[in-house]
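Shown next, in structure tokens, is the structure this report addresses.
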Amino acid sequence: MTNLETFIAGYVEAILWANAYTENDETGEIESVDALFYDENDYSESVETEDAKAFYSDNLETLTEVHETYAQAWDYMGHDFALTRNGHGAGFWDRGHGALGEKLSEAARVYGEASVYIP
């Protein structure tokens, strides 16, 4: 797998995880939509990855520096892109990567929140 493919696999895994639960509109309760039992192979065609490709391309120099300086895995950085863009409690800014983490966080937030349709 290329670094881009690995990055996207991490992104898809995190997006599926982030969509594993949904709020019931009628009761307000959090309910599982069983996404935890699926993997990226089940939904690879239904998950939009264009943003992940663009983010990777636009931030490759910084991503590479994080990878080389902190030994951060490419799939983990894809995961962090998904978490950061969706405003979850972890992401690039939370990994101890200083200014590099903040730079990637700012770049990820530009993409706004994203979710997937799970059939």
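FYI, nothing fancy with the structure tokens labels: chains A, B, ... in order, residues from 1 per chain, ligands from 1 as they appear.
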Would you pick out the contacts of range 61-63 of chain A at 9 Å or less, using only C-alpha atoms, so that residues sharing its chain but fewer than 6 positions from it are not included, and give the list as a PyMOL selection string?
chain A and resi 72+74+77+100-101+103-104
Take the residues from that selection and write them out as a compact mmCIF listing (two decimals), in the first residue's frame, keeping C-alpha atoms.
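To be explicit, this is the file written out as result_25.txt:
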```
# COMPACT_ATOMS: atom_id res chain seq x y z
CA GLN A 72 3.46 8.83 13.30
CA TRP A 74 0.13 7.20 7.90
CA MET A 77 -2.75 10.55 10.44
CA LEU A 100 3.12 20.81 13.23
CA GLY A 101 0.03 19.40 14.92
CA LYS A 103 -0.80 23.49 11.44
CA LEU A 104 -2.47 20.22 10.42
```
Excluding Thr64 in chain A and residues on its chain fewer than 6 positions from it, collect all residues at most 10 Å away from it, counting only C-alpha atoms, and give them as a VMD selection string. chain A and resid 3 56 70 to 74
Deliver the residues from the most recent selection as a file, using C-alpha atoms, as a compact mmCIF listing (two decimals), in the first residue's frame.
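And here is the file that came out, out18.txt:
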```
# COMPACT_ATOMS: atom_id res chain seq x y z
CA ASN A 3 1.30 6.18 1.97
CA TYR A 56 -3.05 14.62 1.93
CA TYR A 70 7.38 11.58 15.52
CA ALA A 71 7.17 8.19 13.74
CA GLN A 72 3.46 8.83 13.30
CA ALA A 73 1.90 6.13 11.10
CA TRP A 74 0.13 7.20 7.90
```
(Q) Quick one: residues within 12 Å of Ala90 in chain A, only C-alpha atoms, excluding same-chain residues fewer than 3 positions away - as number ranges by chain? (A) A: 14, 18, 76-77, 79-87, 93-96, 101, 105
What separates CA of Tyr11 in chain A and CA of Glu65 in chain A is a distance of 18.8 Å
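The residue set within 9 Å of Ala107 in chain A, counting only C-alpha atoms and dropping same-chain residues fewer than 6 places from it, reads Phe55, Asp58, Asn59 and Arg85 of chain A.
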Writer output for current selection, N, CA and C atoms, as a compact mmCIF listing (two decimals), in the first residue's frame:
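The file below, part.txt, is the result:
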```txt
# COMPACT_ATOMS: atom_id res chain seq x y z
N PHE A 55 -6.58 16.76 1.21
CA PHE A 55 -5.85 17.12 2.42
C PHE A 55 -4.45 16.54 2.39
N ASP A 58 -2.40 18.49 -0.24
CA ASP A 58 -2.11 19.87 0.16
C ASP A 58 -1.19 19.97 1.37
N ASN A 59 -1.13 18.93 2.17
CA ASN A 59 -0.36 18.97 3.42
C ASN A 59 0.73 17.90 3.48
N ARG A 85 -11.35 17.16 11.64
CA ARG A 85 -12.33 17.88 10.82
C ARG A 85 -13.72 17.82 11.42
```
